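Here's protein.cif, which has mmCIF, N, CA, C and O atoms:
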data_entry
loop_
_atom_site.label_atom_id
_atom_site.label_comp_id
_atom_site.auth_asym_id
_atom_site.auth_seq_id
_atom_site.Cartn_x
_atom_site.Cartn_y
_atom_site.Cartn_z
N ASP N 1 92.62 112.67 178.22
CA ASP N 1 91.81 111.53 178.58
C ASP N 1 90.34 111.97 178.65
O ASP N 1 89.98 112.85 179.44
N VAL N 2 89.52 111.35 177.85
CA VAL N 2 88.11 111.73 177.73
C VAL N 2 87.36 111.46 179.03
O VAL N 2 86.58 112.30 179.49
N ALA N 3 87.59 110.33 179.65
CA ALA N 3 86.88 109.98 180.88
C ALA N 3 87.22 110.98 182.00
O ALA N 3 86.33 111.38 182.76
N PHE N 4 88.46 111.38 182.09
CA PHE N 4 88.87 112.36 183.10
C PHE N 4 88.18 113.69 182.86
O PHE N 4 87.69 114.32 183.80
N GLU N 5 88.13 114.12 181.61
CA GLU N 5 87.50 115.40 181.28
C GLU N 5 85.99 115.34 181.55
O GLU N 5 85.41 116.31 182.05
N GLN N 6 85.36 114.21 181.25
CA GLN N 6 83.93 114.06 181.53
C GLN N 6 83.67 114.15 183.04
O GLN N 6 82.73 114.81 183.47
N ALA N 7 84.51 113.51 183.82
CA ALA N 7 84.35 113.55 185.28
C ALA N 7 84.54 114.97 185.79
O ALA N 7 83.81 115.44 186.67
N ARG N 8 85.52 115.68 185.25
CA ARG N 8 85.78 117.06 185.65
C ARG N 8 84.58 117.95 185.32
O ARG N 8 84.14 118.75 186.15
N LEU N 9 84.04 117.78 184.12
CA LEU N 9 82.89 118.57 183.70
C LEU N 9 81.66 118.27 184.57
O LEU N 9 80.94 119.18 184.96
N ARG N 10 81.45 117.00 184.88
CA ARG N 10 80.30 116.63 185.73
C ARG N 10 80.42 117.27 187.11
O ARG N 10 79.43 117.76 187.67
N LYS N 11 81.63 117.26 187.65
CA LYS N 11 81.85 117.85 188.97
C LYS N 11 81.59 119.36 188.94
O LYS N 11 80.95 119.90 189.84
N GLU N 12 82.06 120.02 187.90
CA GLU N 12 81.86 121.47 187.78
C GLU N 12 80.38 121.79 187.53
O GLU N 12 79.85 122.77 188.06
N ILE N 13 79.70 120.97 186.74
CA ILE N 13 78.27 121.14 186.50
C ILE N 13 77.50 121.01 187.81
O ILE N 13 76.60 121.81 188.10
N GLU N 14 77.86 120.04 188.62
CA GLU N 14 77.20 119.86 189.91
C GLU N 14 77.43 121.07 190.82
O GLU N 14 76.51 121.57 191.45
N ARG N 15 78.67 121.57 190.84
CA ARG N 15 79.00 122.73 191.67
C ARG N 15 78.20 123.96 191.23
O ARG N 15 77.62 124.66 192.06
N LEU N 16 78.17 124.20 189.93
CA LEU N 16 77.44 125.36 189.42
C LEU N 16 75.93 125.22 189.61
O LEU N 16 75.25 126.21 189.88
N SER N 17 75.43 124.01 189.51
CA SER N 17 74.00 123.78 189.72
C SER N 17 73.61 124.13 191.15
O SER N 17 72.58 124.77 191.39
N GLU N 18 74.44 123.72 192.10
CA GLU N 18 74.17 124.05 193.50
C GLU N 18 74.26 125.55 193.74
O GLU N 18 73.43 126.13 194.44
N LEU N 19 75.26 126.18 193.14
CA LEU N 19 75.43 127.62 193.28
C LEU N 19 74.23 128.36 192.67
O LEU N 19 73.70 129.30 193.27
N LEU N 20 73.79 127.91 191.51
CA LEU N 20 72.64 128.52 190.84
C LEU N 20 71.37 128.36 191.69
O LEU N 20 70.59 129.31 191.82
N SER N 21 71.19 127.21 192.28
CA SER N 21 70.03 127.00 193.15
C SER N 21 70.04 127.97 194.32
O SER N 21 69.00 128.52 194.69
N GLY N 22 71.22 128.19 194.90
CA GLY N 22 71.33 129.11 196.02
C GLY N 22 71.01 130.55 195.63
O GLY N 22 70.30 131.25 196.34
N VAL N 23 71.52 130.97 194.48
CA VAL N 23 71.27 132.33 194.01
C VAL N 23 69.79 132.51 193.69
O VAL N 23 69.18 133.52 194.05
N ARG N 24 69.21 131.52 193.05
CA ARG N 24 67.78 131.60 192.71
C ARG N 24 66.92 131.61 193.97
O ARG N 24 65.91 132.32 194.03
N ALA N 25 67.31 130.85 194.98
CA ALA N 25 66.56 130.84 196.24
C ALA N 25 66.65 132.22 196.90
O ALA N 25 65.66 132.72 197.44
N LYS N 26 67.83 132.82 196.85
CA LYS N 26 68.00 134.15 197.44
C LYS N 26 67.12 135.16 196.72
O LYS N 26 66.46 135.98 197.35
N LEU N 27 67.11 135.10 195.39
CA LEU N 27 66.31 136.04 194.62
C LEU N 27 64.80 135.81 194.81
O LEU N 27 64.01 136.75 194.73
N ALA N 28 64.42 134.58 195.08
CA ALA N 28 63.01 134.26 195.28
C ALA N 28 62.54 134.64 196.68
O ALA N 28 61.34 134.76 196.92
N ASN N 29 63.48 134.85 197.59
CA ASN N 29 63.15 135.23 198.96
C ASN N 29 62.63 136.67 198.98
O ASN N 29 63.35 137.60 198.63
N GLU N 30 61.39 136.83 199.37
CA GLU N 30 60.78 138.16 199.36
C GLU N 30 61.47 139.13 200.31
O GLU N 30 61.55 140.33 200.04
N ASN N 31 61.99 138.63 201.43
CA ASN N 31 62.71 139.50 202.36
C ASN N 31 63.96 140.09 201.70
O ASN N 31 64.26 141.26 201.85
N PHE N 32 64.69 139.25 200.98
CA PHE N 32 65.89 139.73 200.30
C PHE N 32 65.50 140.73 199.21
O PHE N 32 66.07 141.82 199.13
N ALA N 33 64.55 140.35 198.39
CA ALA N 33 64.17 141.19 197.25
C ALA N 33 63.63 142.55 197.69
O ALA N 33 63.88 143.57 197.04
N SER N 34 62.91 142.59 198.81
CA SER N 34 62.30 143.84 199.22
C SER N 34 63.24 144.70 200.08
O SER N 34 63.13 145.92 200.07
N ARG N 35 64.17 144.09 200.78
CA ARG N 35 65.01 144.84 201.70
C ARG N 35 66.40 145.18 201.16
O ARG N 35 67.02 146.14 201.60
N ALA N 36 66.89 144.39 200.23
CA ALA N 36 68.24 144.62 199.72
C ALA N 36 68.24 145.83 198.78
O ALA N 36 67.26 146.08 198.08
N PRO N 37 69.35 146.55 198.76
CA PRO N 37 69.46 147.67 197.81
C PRO N 37 69.36 147.16 196.37
O PRO N 37 69.73 146.02 196.06
N ALA N 38 68.87 148.02 195.50
CA ALA N 38 68.65 147.64 194.10
C ALA N 38 69.92 147.15 193.43
O ALA N 38 69.89 146.19 192.64
N ASP N 39 71.07 147.76 193.75
CA ASP N 39 72.31 147.33 193.12
C ASP N 39 72.72 145.93 193.56
O ASP N 39 73.29 145.16 192.77
N VAL N 40 72.41 145.55 194.78
CA VAL N 40 72.72 144.21 195.27
C VAL N 40 71.84 143.19 194.56
O VAL N 40 72.31 142.13 194.12
N VAL N 41 70.55 143.51 194.41
CA VAL N 41 69.64 142.62 193.71
C VAL N 41 70.07 142.48 192.24
O VAL N 41 70.09 141.38 191.69
N ALA N 42 70.47 143.58 191.64
CA ALA N 42 70.93 143.55 190.24
C ALA N 42 72.19 142.69 190.11
O ALA N 42 72.33 141.93 189.14
N LYS N 43 73.08 142.80 191.07
CA LYS N 43 74.32 142.02 191.04
C LYS N 43 74.01 140.52 191.16
O LYS N 43 74.61 139.70 190.45
N GLU N 44 73.07 140.17 192.03
CA GLU N 44 72.67 138.77 192.17
C GLU N 44 71.98 138.26 190.90
O GLU N 44 72.18 137.11 190.51
N THR N 45 71.19 139.10 190.27
CA THR N 45 70.52 138.72 189.03
C THR N 45 71.55 138.49 187.93
O THR N 45 71.44 137.52 187.15
N GLU N 46 72.54 139.35 187.86
CA GLU N 46 73.61 139.18 186.88
C GLU N 46 74.40 137.91 187.18
O GLU N 46 74.78 137.16 186.26
N LYS N 47 74.65 137.65 188.44
CA LYS N 47 75.35 136.44 188.86
C LYS N 47 74.58 135.20 188.41
O LYS N 47 75.16 134.24 187.89
N GLU N 48 73.25 135.24 188.58
CA GLU N 48 72.40 134.13 188.16
C GLU N 48 72.54 133.90 186.65
O GLU N 48 72.70 132.76 186.20
N SER N 49 72.51 134.96 185.88
CA SER N 49 72.63 134.85 184.42
C SER N 49 73.97 134.26 184.02
O SER N 49 74.04 133.39 183.15
N ASN N 50 75.03 134.74 184.65
CA ASN N 50 76.37 134.26 184.32
C ASN N 50 76.54 132.78 184.66
O ASN N 50 77.12 132.01 183.88
N ILE N 51 76.04 132.38 185.82
CA ILE N 51 76.15 130.98 186.21
C ILE N 51 75.36 130.11 185.24
O ILE N 51 75.84 129.06 184.80
N ALA N 52 74.15 130.53 184.90
CA ALA N 52 73.31 129.76 183.98
C ALA N 52 73.99 129.63 182.61
O ALA N 52 73.96 128.56 181.99
N LEU N 53 74.61 130.71 182.15
CA LEU N 53 75.32 130.68 180.87
C LEU N 53 76.49 129.70 180.92
O LEU N 53 76.65 128.87 180.01
N ASN N 54 77.29 129.79 181.97
CA ASN N 54 78.44 128.88 182.11
C ASN N 54 77.99 127.43 182.25
O ASN N 54 78.62 126.52 181.70
N LEU N 55 76.90 127.22 182.97
CA LEU N 55 76.37 125.88 183.14
C LEU N 55 75.95 125.30 181.79
O LEU N 55 76.25 124.14 181.48
N GLY N 56 75.29 126.10 180.98
CA GLY N 56 74.89 125.65 179.65
C GLY N 56 76.08 125.28 178.78
O GLY N 56 76.06 124.27 178.07
N LYS N 57 77.13 126.08 178.85
CA LYS N 57 78.35 125.79 178.07
C LYS N 57 78.98 124.47 178.51
O LYS N 57 79.40 123.66 177.68
N LEU N 58 79.05 124.26 179.83
CA LEU N 58 79.63 123.02 180.33
C LEU N 58 78.80 121.81 179.93
O LEU N 58 79.35 120.76 179.57
N GLU N 59 77.48 121.96 179.98
CA GLU N 59 76.61 120.84 179.58
C GLU N 59 76.78 120.50 178.10
O GLU N 59 76.80 119.34 177.73
N LYS N 60 76.95 121.53 177.26
CA LYS N 60 77.18 121.28 175.83
C LYS N 60 78.53 120.60 175.62
O LYS N 60 78.65 119.70 174.79
N SER N 61 79.53 121.01 176.36
CA SER N 61 80.85 120.40 176.26
C SER N 61 80.80 118.93 176.67
O SER N 61 81.38 118.07 176.01
N LEU N 62 80.09 118.66 177.75
CA LEU N 62 79.96 117.27 178.21
C LEU N 62 79.21 116.44 177.18
O LEU N 62 79.60 115.32 176.88
N GLU N 63 78.17 117.02 176.61
CA GLU N 63 77.39 116.31 175.59
C GLU N 63 78.27 116.00 174.36
O GLU N 63 78.23 114.91 173.81
N ALA N 64 79.09 116.97 173.97
CA ALA N 64 79.97 116.77 172.81
C ALA N 64 80.98 115.65 173.09
O ALA N 64 81.29 114.86 172.20
N LEU N 65 81.49 115.61 174.31
CA LEU N 65 82.43 114.54 174.66
C LEU N 65 81.75 113.19 174.70
O LEU N 65 82.36 112.17 174.35
N SER N 66 80.50 113.15 175.12
CA SER N 66 79.77 111.90 175.22
C SER N 66 79.45 111.32 173.85
O SER N 66 79.39 110.12 173.67
N ILE N 67 79.26 112.21 172.88
CA ILE N 67 78.92 111.78 171.51
C ILE N 67 80.15 111.20 170.81
O ILE N 67 80.06 110.21 170.11
N SER N 68 81.29 111.84 171.02
CA SER N 68 82.49 111.40 170.30
C SER N 68 83.13 110.18 170.88
O SER N 68 82.78 109.55 171.75
#

Conversion result in structure tokens:
Amino acid sequence: DVAFEQARLRKEIERLSELLSGVRAKLANENFASRAPADVVAKETEKESNIALNLGKLEKSLEALSIS
């Protein structure tokens, strides 16, 4: 069912968008960036990249469903 899949994708896009905002806020926080160990900052940066990549894929999938 296309409508069900679109709703599922929208919900996941919203969840990932909120998660991405939180990670970006953490990385933008100077206290976190200056006090956290380098490996923790690197892990959060990688997390940000992965979330952004997955978010882009979901948005493309939703767009493809909307077109068809």

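Taking atom C of N:Ser17 as the reference point, atom N of N:Ala64 is found at 19.4 Å.
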
(request) Write out as a PyMOL selection string which residues come within 8 Å of stretch 31-48 of chain N when counting only N, CA, C and O atoms, dropping same-chain ones fewer than 6 positions away. (result) chain N and resi 16+19-20+23-25+54-55

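The spacing separating atom CA of N:Glu5 from atom C of N:Ser61 amounts to 8.9 Å.
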
Using the chain letters and residue numbers of this document, give as a PDB file with N, CA, C and O atoms, in the coordinates of the input the residues selected by the PyMOL selection byres (((chain N and resi 9 and name CA) around 12) and name CA).
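Output contents, as saved in part36.pdb:
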ATOM      1  N   VAL N   2      89.520 111.350 177.850  1.00  0.00           N
ATOM      2  CA  VAL N   2      88.110 111.730 177.730  1.00  0.00           C
ATOM      3  C   VAL N   2      87.360 111.460 179.030  1.00  0.00           C
ATOM      4  O   VAL N   2      86.580 112.300 179.490  1.00  0.00           O
ATOM      5  N   ALA N   3      87.590 110.330 179.650  1.00  0.00           N
ATOM      6  CA  ALA N   3      86.880 109.980 180.880  1.00  0.00           C
ATOM      7  C   ALA N   3      87.220 110.980 182.000  1.00  0.00           C
ATOM      8  O   ALA N   3      86.330 111.380 182.760  1.00  0.00           O
ATOM      9  N   PHE N   4      88.460 111.380 182.090  1.00  0.00           N
ATOM     10  CA  PHE N   4      88.870 112.360 183.100  1.00  0.00           C
ATOM     11  C   PHE N   4      88.180 113.690 182.860  1.00  0.00           C
ATOM     12  O   PHE N   4      87.690 114.320 183.800  1.00  0.00           O
ATOM     13  N   GLU N   5      88.130 114.120 181.610  1.00  0.00           N
ATOM     14  CA  GLU N   5      87.500 115.400 181.280  1.00  0.00           C
ATOM     15  C   GLU N   5      85.990 115.340 181.550  1.00  0.00           C
ATOM     16  O   GLU N   5      85.410 116.310 182.050  1.00  0.00           O
ATOM     17  N   GLN N   6      85.360 114.210 181.250  1.00  0.00           N
ATOM     18  CA  GLN N   6      83.930 114.060 181.530  1.00  0.00           C
ATOM     19  C   GLN N   6      83.670 114.150 183.040  1.00  0.00           C
ATOM     20  O   GLN N   6      82.730 114.810 183.470  1.00  0.00           O
ATOM     21  N   ALA N   7      84.510 113.510 183.820  1.00  0.00           N
ATOM     22  CA  ALA N   7      84.350 113.550 185.280  1.00  0.00           C
ATOM     23  C   ALA N   7      84.540 114.970 185.790  1.00  0.00           C
ATOM     24  O   ALA N   7      83.810 115.440 186.670  1.00  0.00           O
ATOM     25  N   ARG N   8      85.520 115.680 185.250  1.00  0.00           N
ATOM     26  CA  ARG N   8      85.780 117.060 185.650  1.00  0.00           C
ATOM     27  C   ARG N   8      84.580 117.950 185.320  1.00  0.00           C
ATOM     28  O   ARG N   8      84.140 118.750 186.150  1.00  0.00           O
ATOM     29  N   ARG N  10      81.450 117.000 184.880  1.00  0.00           N
ATOM     30  CA  ARG N  10      80.300 116.630 185.730  1.00  0.00           C
ATOM     31  C   ARG N  10      80.420 117.270 187.110  1.00  0.00           C
ATOM     32  O   ARG N  10      79.430 117.760 187.670  1.00  0.00           O
ATOM     33  N   LYS N  11      81.630 117.260 187.650  1.00  0.00           N
ATOM     34  CA  LYS N  11      81.850 117.850 188.970  1.00  0.00           C
ATOM     35  C   LYS N  11      81.590 119.360 188.940  1.00  0.00           C
ATOM     36  O   LYS N  11      80.950 119.900 189.840  1.00  0.00           O
ATOM     37  N   GLU N  12      82.060 120.020 187.900  1.00  0.00           N
ATOM     38  CA  GLU N  12      81.860 121.470 187.780  1.00  0.00           C
ATOM     39  C   GLU N  12      80.380 121.790 187.530  1.00  0.00           C
ATOM     40  O   GLU N  12      79.850 122.770 188.060  1.00  0.00           O
ATOM     41  N   ILE N  13      79.700 120.970 186.740  1.00  0.00           N
ATOM     42  CA  ILE N  13      78.270 121.140 186.500  1.00  0.00           C
ATOM     43  C   ILE N  13      77.500 121.010 187.810  1.00  0.00           C
ATOM     44  O   ILE N  13      76.600 121.810 188.100  1.00  0.00           O
ATOM     45  N   GLU N  14      77.860 120.040 188.620  1.00  0.00           N
ATOM     46  CA  GLU N  14      77.200 119.860 189.910  1.00  0.00           C
ATOM     47  C   GLU N  14      77.430 121.070 190.820  1.00  0.00           C
ATOM     48  O   GLU N  14      76.510 121.570 191.450  1.00  0.00           O
ATOM     49  N   ARG N  15      78.670 121.570 190.840  1.00  0.00           N
ATOM     50  CA  ARG N  15      79.000 122.730 191.670  1.00  0.00           C
ATOM     51  C   ARG N  15      78.200 123.960 191.230  1.00  0.00           C
ATOM     52  O   ARG N  15      77.620 124.660 192.060  1.00  0.00           O
ATOM     53  N   LEU N  16      78.170 124.200 189.930  1.00  0.00           N
ATOM     54  CA  LEU N  16      77.440 125.360 189.420  1.00  0.00           C
ATOM     55  C   LEU N  16      75.930 125.220 189.610  1.00  0.00           C
ATOM     56  O   LEU N  16      75.250 126.210 189.880  1.00  0.00           O
ATOM     57  N   SER N  17      75.430 124.010 189.510  1.00  0.00           N
ATOM     58  CA  SER N  17      74.000 123.780 189.720  1.00  0.00           C
ATOM     59  C   SER N  17      73.610 124.130 191.150  1.00  0.00           C
ATOM     60  O   SER N  17      72.580 124.770 191.390  1.00  0.00           O
ATOM     61  N   ASN N  54      77.290 129.790 181.970  1.00  0.00           N
ATOM     62  CA  ASN N  54      78.440 128.880 182.110  1.00  0.00           C
ATOM     63  C   ASN N  54      77.990 127.430 182.250  1.00  0.00           C
ATOM     64  O   ASN N  54      78.620 126.520 181.700  1.00  0.00           O
ATOM     65  N   LEU N  55      76.900 127.220 182.970  1.00  0.00           N
ATOM     66  CA  LEU N  55      76.370 125.880 183.140  1.00  0.00           C
ATOM     67  C   LEU N  55      75.950 125.300 181.790  1.00  0.00           C
ATOM     68  O   LEU N  55      76.250 124.140 181.480  1.00  0.00           O
ATOM     69  N   GLY N  56      75.290 126.100 180.980  1.00  0.00           N
ATOM     70  CA  GLY N  56      74.890 125.650 179.650  1.00  0.00           C
ATOM     71  C   GLY N  56      76.080 125.280 178.780  1.00  0.00           C
ATOM     72  O   GLY N  56      76.060 124.270 178.070  1.00  0.00           O
ATOM     73  N   LYS N  57      77.130 126.080 178.850  1.00  0.00           N
ATOM     74  CA  LYS N  57      78.350 125.790 178.070  1.00  0.00           C
ATOM     75  C   LYS N  57      78.980 124.470 178.510  1.00  0.00           C
ATOM     76  O   LYS N  57      79.400 123.660 177.680  1.00  0.00           O
ATOM     77  N   LEU N  58      79.050 124.260 179.830  1.00  0.00           N
ATOM     78  CA  LEU N  58      79.630 123.020 180.330  1.00  0.00           C
ATOM     79  C   LEU N  58      78.800 121.810 179.930  1.00  0.00           C
ATOM     80  O   LEU N  58      79.350 120.760 179.570  1.00  0.00           O
ATOM     81  N   GLU N  59      77.480 121.960 179.980  1.00  0.00           N
ATOM     82  CA  GLU N  59      76.610 120.840 179.580  1.00  0.00           C
ATOM     83  C   GLU N  59      76.780 120.500 178.100  1.00  0.00           C
ATOM     84  O   GLU N  59      76.800 119.340 177.730  1.00  0.00           O
ATOM     85  N   LYS N  60      76.950 121.530 177.260  1.00  0.00           N
ATOM     86  CA  LYS N  60      77.180 121.280 175.830  1.00  0.00           C
ATOM     87  C   LYS N  60      78.530 120.600 175.620  1.00  0.00           C
ATOM     88  O   LYS N  60      78.650 119.700 174.790  1.00  0.00           O
ATOM     89  N   SER N  61      79.530 121.010 176.360  1.00  0.00           N
ATOM     90  CA  SER N  61      80.850 120.400 176.260  1.00  0.00           C
ATOM     91  C   SER N  61      80.800 118.930 176.670  1.00  0.00           C
ATOM     92  O   SER N  61      81.380 118.070 176.010  1.00  0.00           O
ATOM     93  N   LEU N  62      80.090 118.660 177.750  1.00  0.00           N
ATOM     94  CA  LEU N  62      79.960 117.270 178.210  1.00  0.00           C
ATOM     95  C   LEU N  62      79.210 116.440 177.180  1.00  0.00           C
ATOM     96  O   LEU N  62      79.600 115.320 176.880  1.00  0.00           O
ATOM     97  N   GLU N  63      78.170 117.020 176.610  1.00  0.00           N
ATOM     98  CA  GLU N  63      77.390 116.310 175.590  1.00  0.00           C
ATOM     99  C   GLU N  63      78.270 116.000 174.360  1.00  0.00           C
ATOM    100  O   GLU N  63      78.230 114.910 173.810  1.00  0.00           O
ATOM    101  N   ALA N  64      79.090 116.970 173.970  1.00  0.00           N
ATOM    102  CA  ALA N  64      79.970 116.770 172.810  1.00  0.00           C
ATOM    103  C   ALA N  64      80.980 115.650 173.090  1.00  0.00           C
ATOM    104  O   ALA N  64      81.290 114.860 172.200  1.00  0.00           O
ATOM    105  N   LEU N  65      81.490 115.610 174.310  1.00  0.00           N
ATOM    106  CA  LEU N  65      82.430 114.540 174.660  1.00  0.00           C
ATOM    107  C   LEU N  65      81.750 113.190 174.700  1.00  0.00           C
ATOM    108  O   LEU N  65      82.360 112.170 174.350  1.00  0.00           O
ATOM    109  N   SER N  66      80.500 113.150 175.120  1.00  0.00           N
ATOM    110  CA  SER N  66      79.770 111.900 175.220  1.00  0.00           C
ATOM    111  C   SER N  66      79.450 111.320 173.850  1.00  0.00           C
ATOM    112  O   SER N  66      79.390 110.120 173.670  1.00  0.00           O
TER     113      SER N  66
END

Which centre and which edge lengths, in Å to one decimal, describe the axis-aligned box that holds all listed atoms of stretch 13-31 of chain N after 4 Å is added on each side, as AutoDock Vina command-line options?
--center_x 70.2 --center_y 130.6 --center_z 194.4 --size_x 26.9 --size_y 29.4 --size_z 23.9

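Here atom N of N:Ile51 is placed at a distance of 26.3 Å from atom C of N:Ile67.
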
Output stretch 16-25 of chain N with all heavy atoms present, as a tab-separated table (two decimals), in the coordinates of the input.
chain	number	residue	atom	x	y	z
N	16	LEU	N	78.17	124.20	189.93
N	16	LEU	CA	77.44	125.36	189.42
N	16	LEU	C	75.93	125.22	189.61
N	16	LEU	O	75.25	126.21	189.88
N	16	LEU	CB	77.77	125.60	187.94
N	16	LEU	CG	79.15	126.17	187.64
N	16	LEU	CD1	79.35	126.33	186.14
N	16	LEU	CD2	79.38	127.49	188.35
N	17	SER	N	75.43	124.01	189.51
N	17	SER	CA	74.00	123.78	189.72
N	17	SER	C	73.61	124.13	191.15
N	17	SER	O	72.58	124.77	191.39
N	17	SER	CB	73.64	122.33	189.43
N	17	SER	OG	73.80	122.04	188.07
N	18	GLU	N	74.44	123.72	192.10
N	18	GLU	CA	74.17	124.05	193.50
N	18	GLU	C	74.26	125.55	193.74
N	18	GLU	O	73.43	126.13	194.44
N	18	GLU	CB	75.15	123.31	194.41
N	18	GLU	CG	74.90	121.81	194.46
N	18	GLU	CD	75.97	121.06	195.24
N	18	GLU	OE1	76.84	121.69	195.86
N	18	GLU	OE2	75.92	119.81	195.22
N	19	LEU	N	75.26	126.18	193.14
N	19	LEU	CA	75.43	127.62	193.28
N	19	LEU	C	74.23	128.36	192.67
N	19	LEU	O	73.70	129.30	193.27
N	19	LEU	CB	76.73	128.05	192.59
N	19	LEU	CG	77.21	129.47	192.79
N	19	LEU	CD1	77.48	129.75	194.26
N	19	LEU	CD2	78.50	129.69	191.99
N	20	LEU	N	73.79	127.91	191.51
N	20	LEU	CA	72.64	128.52	190.84
N	20	LEU	C	71.37	128.36	191.69
N	20	LEU	O	70.59	129.31	191.82
N	20	LEU	CB	72.44	127.90	189.46
N	20	LEU	CG	71.36	128.49	188.58
N	20	LEU	CD1	71.60	129.98	188.32
N	20	LEU	CD2	71.28	127.74	187.26
N	21	SER	N	71.19	127.21	192.28
N	21	SER	CA	70.03	127.00	193.15
N	21	SER	C	70.04	127.97	194.32
N	21	SER	O	69.00	128.52	194.69
N	21	SER	CB	70.01	125.57	193.68
N	21	SER	OG	69.80	124.66	192.65
N	22	GLY	N	71.22	128.19	194.90
N	22	GLY	CA	71.33	129.11	196.02
N	22	GLY	C	71.01	130.55	195.63
N	22	GLY	O	70.30	131.25	196.34
N	23	VAL	N	71.52	130.97	194.48
N	23	VAL	CA	71.27	132.33	194.01
N	23	VAL	C	69.79	132.51	193.69
N	23	VAL	O	69.18	133.52	194.05
N	23	VAL	CB	72.15	132.67	192.77
N	23	VAL	CG1	71.74	133.99	192.15
N	23	VAL	CG2	73.62	132.70	193.16
N	24	ARG	N	69.21	131.52	193.05
N	24	ARG	CA	67.78	131.60	192.71
N	24	ARG	C	66.92	131.61	193.97
N	24	ARG	O	65.91	132.32	194.03
N	24	ARG	CB	67.38	130.45	191.79
N	24	ARG	CG	67.89	130.67	190.39
N	24	ARG	CD	67.46	129.59	189.43
N	24	ARG	NE	67.85	129.97	188.07
N	24	ARG	CZ	67.93	129.12	187.07
N	24	ARG	NH1	67.65	127.84	187.25
N	24	ARG	NH2	68.28	129.54	185.86
N	25	ALA	N	67.31	130.85	194.98
N	25	ALA	CA	66.56	130.84	196.24
N	25	ALA	C	66.65	132.22	196.90
N	25	ALA	O	65.66	132.72	197.44
N	25	ALA	CB	67.10	129.76	197.17
